[in-house]
file data-v9.json (JSON, C-alpha atoms)
[["chain", "number", "residue", "atom", "x", "y", "z"],
["D", 1, "MET", "CA", 22.71, -3.40, 7.13],
["D", 2, "ALA", "CA", 24.28, -1.36, 4.33],
["D", 3, "GLY", "CA", 22.56, -3.58, 1.77],
["D", 4, "GLN", "CA", 19.15, -3.03, 3.37],
["D", 5, "ALA", "CA", 19.71, 0.70, 3.55],
["D", 6, "GLN", "CA", 20.57, 0.74, -0.15],
["D", 7, "VAL", "CA", 17.35, -1.14, -0.96],
["D", 8, "VAL", "CA", 15.27, 1.34, 1.02],
["D", 9, "ILE", "CA", 17.01, 4.31, -0.59],
["D", 10, "THR", "CA", 16.39, 2.80, -4.02],
["D", 11, "PHE", "CA", 12.69, 2.35, -3.14],
["D", 12, "ALA", "CA", 12.54, 5.92, -1.85],
["D", 13, "LEU", "CA", 13.96, 7.34, -5.04],
["D", 14, "LYS", "CA", 11.80, 5.16, -7.25],
["D", 15, "TYR", "CA", 8.43, 5.24, -5.48],
["D", 16, "GLY", "CA", 8.51, 8.06, -2.92],
["D", 17, "PRO", "CA", 7.33, 10.86, -5.19],
["D", 18, "THR", "CA", 4.67, 8.71, -6.86],
["D", 19, "ILE", "CA", 2.75, 7.25, -3.91],
["D", 20, "GLY", "CA", 0.33, 10.19, -3.67],
["D", 21, "LYS", "CA", -0.23, 10.13, -7.41],
["D", 22, "ALA", "CA", -0.74, 6.36, -7.30],
["D", 23, "LEU", "CA", -3.49, 6.72, -4.71],
["D", 24, "ALA", "CA", -5.13, 9.49, -6.73],
["D", 25, "ASP", "CA", -4.95, 7.25, -9.80],
["D", 26, "LEU", "CA", -6.44, 4.40, -7.78],
["D", 27, "VAL", "CA", -9.44, 6.53, -6.79],
["D", 28, "ALA", "CA", -9.88, 7.66, -10.40],
["D", 29, "PHE", "CA", -9.60, 4.06, -11.64],
["D", 30, "VAL", "CA", -12.28, 2.84, -9.26],
["D", 31, "LYS", "CA", -14.61, 5.69, -10.25],
["D", 32, "ALA", "CA", -13.98, 5.17, -13.97],
["D", 33, "ASN", "CA", -14.59, 1.40, -13.84],
["D", 34, "PRO", "CA", -17.97, 0.69, -12.32],
["D", 35, "SER", "CA", -17.74, -2.83, -13.76],
["D", 36, "LEU", "CA", -15.09, -3.83, -11.19],
["D", 37, "PRO", "CA", -16.27, -6.64, -8.93],
["D", 38, "ALA", "CA", -17.89, -5.30, -5.78],
["D", 39, "ALA", "CA", -15.32, -7.04, -3.56],
["D", 40, "VAL", "CA", -12.42, -5.31, -5.34],
["D", 41, "ARG", "CA", -14.18, -1.94, -5.27],
["D", 42, "SER", "CA", -14.94, -2.15, -1.57],
["D", 43, "ARG", "CA", -11.41, -3.33, -0.72],
["D", 44, "LEU", "CA", -9.80, -0.48, -2.67],
["D", 45, "ALA", "CA", -12.22, 2.06, -1.18],
["D", 46, "ASP", "CA", -11.43, 0.73, 2.30],
["D", 47, "ILE", "CA", -7.69, 1.17, 1.67],
["D", 48, "THR", "CA", -8.24, 4.79, 0.62],
["D", 49, "ARG", "CA", -10.51, 5.55, 3.61],
["D", 50, "ARG", "CA", -8.09, 4.03, 6.12],
["D", 51, "LEU", "CA", -5.08, 5.78, 4.58],
["D", 52, "ASN", "CA", -6.84, 9.11, 4.99],
["D", 53, "ALA", "CA", -7.37, 8.35, 8.70],
["D", 54, "VAL", "CA", -3.75, 7.23, 9.15],
["D", 55, "SER", "CA", -2.41, 10.33, 7.39],
["D", 56, "LYS", "CA", -3.41, 12.41, 10.41],
["D", 57, "ARG", "CA", -0.93, 10.52, 12.60],
["D", 58, "THR", "CA", 2.79, 11.24, 12.81],
["D", 59, "GLY", "CA", 6.01, 9.24, 12.94],
["D", 60, "ALA", "CA", 5.91, 5.67, 14.15],
["D", 61, "ALA", "CA", 2.13, 5.73, 14.70],
["D", 62, "LYS", "CA", 1.56, 6.57, 11.05],
["D", 63, "ILE", "CA", 3.77, 3.71, 9.87],
["D", 64, "THR", "CA", 2.16, 1.30, 12.33],
["D", 65, "GLY", "CA", -1.29, 2.29, 11.08],
["D", 66, "MET", "CA", -0.29, 1.67, 7.47],
["D", 67, "LEU", "CA", 1.17, -1.72, 8.43],
["D", 68, "ASP", "CA", -2.12, -2.61, 10.14],
["D", 69, "ILE", "CA", -3.94, -1.80, 6.90],
["D", 70, "ILE", "CA", -1.57, -4.02, 4.92],
["D", 71, "ARG", "CA", -2.08, -6.94, 7.35],
["D", 72, "ASP", "CA", -5.87, -6.55, 7.43],
["D", 73, "VAL", "CA", -6.39, -6.16, 3.70],
["D", 74, "ALA", "CA", -4.02, -9.01, 2.83],
["D", 75, "GLY", "CA", -5.81, -11.26, 5.33],
["D", 76, "GLU", "CA", -9.24, -10.35, 3.96],
["D", 77, "ALA", "CA", -8.13, -10.82, 0.35],
["D", 78, "SER", "CA", -6.60, -14.19, 1.14],
["D", 79, "ALA", "CA", -9.67, -15.35, 3.07],
["D", 80, "ASP", "CA", -12.32, -14.43, 0.51],
["D", 81, "GLY", "CA", -10.89, -16.72, -2.17],
["D", 82, "GLN", "CA", -11.58, -14.21, -4.96],
["D", 83, "SER", "CA", -8.02, -12.92, -4.99],
["D", 84, "ALA", "CA", -4.66, -14.50, -5.74],
["D", 85, "VAL", "CA", -3.17, -12.67, -2.75],
["D", 86, "ASP", "CA", -1.56, -14.93, -0.13],
["D", 87, "ALA", "CA", -1.62, -13.18, 3.24],
["D", 88, "GLY", "CA", 1.50, -14.91, 4.62],
["D", 89, "PRO", "CA", 4.21, -12.99, 2.75],
["D", 90, "TRP", "CA", 2.39, -9.66, 3.22],
["D", 91, "ILE", "CA", 1.99, -10.17, 6.95],
["D", 92, "THR", "CA", 5.63, -11.26, 7.24],
["D", 93, "ARG", "CA", 6.74, -8.14, 5.35],
["D", 94, "ALA", "CA", 4.58, -5.88, 7.55],
["D", 95, "ASP", "CA", 5.83, -7.58, 10.73],
["D", 96, "SER", "CA", 9.44, -7.10, 9.63],
["D", 97, "ILE", "CA", 8.91, -3.39, 9.06],
["D", 98, "GLY", "CA", 7.00, -3.14, 12.35],
["D", 99, "ARG", "CA", 9.90, -4.62, 14.32],
["D", 100, "ARG", "CA", 12.27, -2.11, 12.75],
["D", 101, "VAL", "CA", 9.86, 0.73, 13.62],
["D", 102, "ARG", "CA", 9.96, -0.36, 17.26],
["D", 103, "LEU", "CA", 13.75, -0.38, 17.18],
["D", 104, "ALA", "CA", 13.92, 3.00, 15.44],
["D", 105, "SER", "CA", 11.64, 4.50, 18.11],
["D", 106, "ALA", "CA", 14.32, 3.75, 20.69],
["D", 107, "LEU", "CA", 16.98, 5.75, 18.85],
["D", 108, "PRO", "CA", 17.96, 9.33, 19.73],
["D", 109, "ARG", "CA", 15.58, 11.80, 18.04],
["D", 110, "ALA", "CA", 17.87, 12.79, 15.13],
["D", 111, "ASP", "CA", 18.64, 9.18, 14.24],
["D", 112, "GLN", "CA", 15.02, 8.21, 14.85],
["D", 113, "LYS", "CA", 13.75, 10.70, 12.26],
["D", 114, "LYS", "CA", 16.12, 9.35, 9.61],
["D", 115, "ALA", "CA", 15.28, 5.73, 10.34],
["D", 116, "LEU", "CA", 11.52, 6.37, 10.41],
["D", 117, "ALA", "CA", 11.71, 8.27, 7.12],
["D", 118, "LEU", "CA", 13.32, 5.24, 5.45],
["D", 119, "LEU", "CA", 10.80, 2.89, 7.05],
["D", 120, "MET", "CA", 7.92, 5.11, 5.90],
["D", 121, "THR", "CA", 9.16, 4.85, 2.34],
["D", 122, "GLU", "CA", 9.44, 1.07, 2.62],
["D", 123, "THR", "CA", 5.91, 0.91, 4.05],
["D", 124, "LYS", "CA", 4.53, 3.02, 1.21],
["D", 125, "VAL", "CA", 6.19, 0.71, -1.29],
["D", 126, "ALA", "CA", 4.66, -2.34, 0.41],
["D", 127, "LEU", "CA", 1.24, -0.68, 0.31],
["D", 128, "ALA", "CA", 1.61, 0.20, -3.37],
["D", 129, "ASP", "CA", 2.70, -3.38, -4.10],
["D", 130, "LEU", "CA", -0.39, -4.74, -2.29],
["D", 131, "ILE", "CA", -2.69, -2.40, -4.20],
["D", 132, "GLU", "CA", -1.11, -3.63, -7.43],
["D", 133, "ALA", "CA", -1.50, -7.26, -6.33],
["D", 134, "LEU", "CA", -5.20, -6.67, -5.65],
["D", 135, "ALA", "CA", -5.84, -5.29, -9.12],
["D", 136, "PRO", "CA", -7.99, -7.61, -11.17],
["D", 137, "VAL", "CA", -6.14, -9.83, -13.59],
["D", 138, "GLY", "CA", -6.65, -9.10, -17.26],
["D", 139, "PRO", "CA", -7.44, -5.92, -19.13],
["D", 140, "ALA", "CA", -9.80, -3.47, -17.49],
["D", 141, "ARG", "CA", -13.06, -2.94, -19.28],
["D", 142, "PRO", "CA", -13.71, 0.58, -20.53],
["D", 143, "ALA", "CA", -16.09, 2.63, -18.38],
["D", 144, "VAL", "CA", -18.22, 3.45, -21.42],
["D", 145, "ALA", "CA", -18.78, 1.14, -24.36],
["D", 146, "PRO", "CA", -16.92, 2.37, -27.43],
["D", 147, "ALA", "CA", -19.07, 3.81, -30.22],
["D", 148, "GLU", "CA", -19.68, 1.49, -33.13],
["D", 149, "GLU", "CA", -17.57, 2.23, -36.14],
["D", 150, "LEU", "CA", -19.39, 3.38, -39.28]]

call {"tool": "encode", "arguments": {"input": "data-v9.json", "output": "C-alpha cells"}}
result
Amino acid sequence: MAGQAQVVITFALKYGPTIGKALADLVAFVKANPSLPAAVRSRLADITRRLNAVSKRTGAAKITGMLDIIRDVAGEASADGQSAVDAGPWITRADSIGRRVRLASALPRADQKKALALLMTETKVALADLIEALAPVGPARPAVAPAEEL
C-alpha cells in the first residue's frame, strides 16, 4: 500500500496543479484548430461539457462521474475505429479507482477525505492521460495558413 500511496502522491505533485490549465489548453487547442477531424472535436468537446457537469458534484460522486466519463469516452474511441485507443486498459484503470472510492467511502470522515483527495488526483491524471491518448497523431496543422515568404 505504501508503494501505491507514493505513486498517487507523485501524480498529485506532478499533475495536480496543471489539470485545470490542461483543460483550458484543450479548449483553446480545439478552437484554434478547426481542421481537427469532426470525431476528435466532438469527443474533446464532450469531455469538456461532461467535466463541467461533474464539477458541481462533491467527494465520491465527483470521482465516480469522472470515471464514468473515462469509461464512456474510451469505449466510444475504441469502437469507432478512428482512434488507437483500446478501451480495455482504460476501463480496467477506471474500475480499479472506482473500487478504491467505494472502500474510501466506508472510512471515518477524516480518513475518507484524505483517501478521496488522493483518488481524485489519480482520476484527474487518468483523464489527462486519456485526453492525451485521443490527440491526433502527427503535428497539428496551423489554424491559419502561414504567409508566403517574399

call {"tool": "closest_residue", "arguments": {"input": "data-v9.json", "among": "D:Ala28, D:Ile70, D:Leu130, D:Leu119", "to": "D:Val101", "atoms": "only C-alpha atoms"}}
result
D:Leu119

call {"tool": "atom_distance", "arguments": {"input": "data-v9.json", "atom1": "atom CA of D:Ser35", "atom2": "atom CA of D:Met66"}}
result
27.8 Å

call {"tool": "residues_around", "arguments": {"input": "data-v9.json", "residues": "D:Lys113", "least_positions_apart": "4", "cutoff": "8 Å", "atoms": "all atoms listed in the file", "output": "list in words"}}
result
Gly59, Arg109 and Ala117 of chain D

call {"tool": "closest_residue", "arguments": {"input": "data-v9.json", "among": "D:Leu107, D:Ile47, D:Ser96, D:Ala60", "to": "D:Ala74", "atoms": "all atoms listed in the file"}}
result
D:Ile47
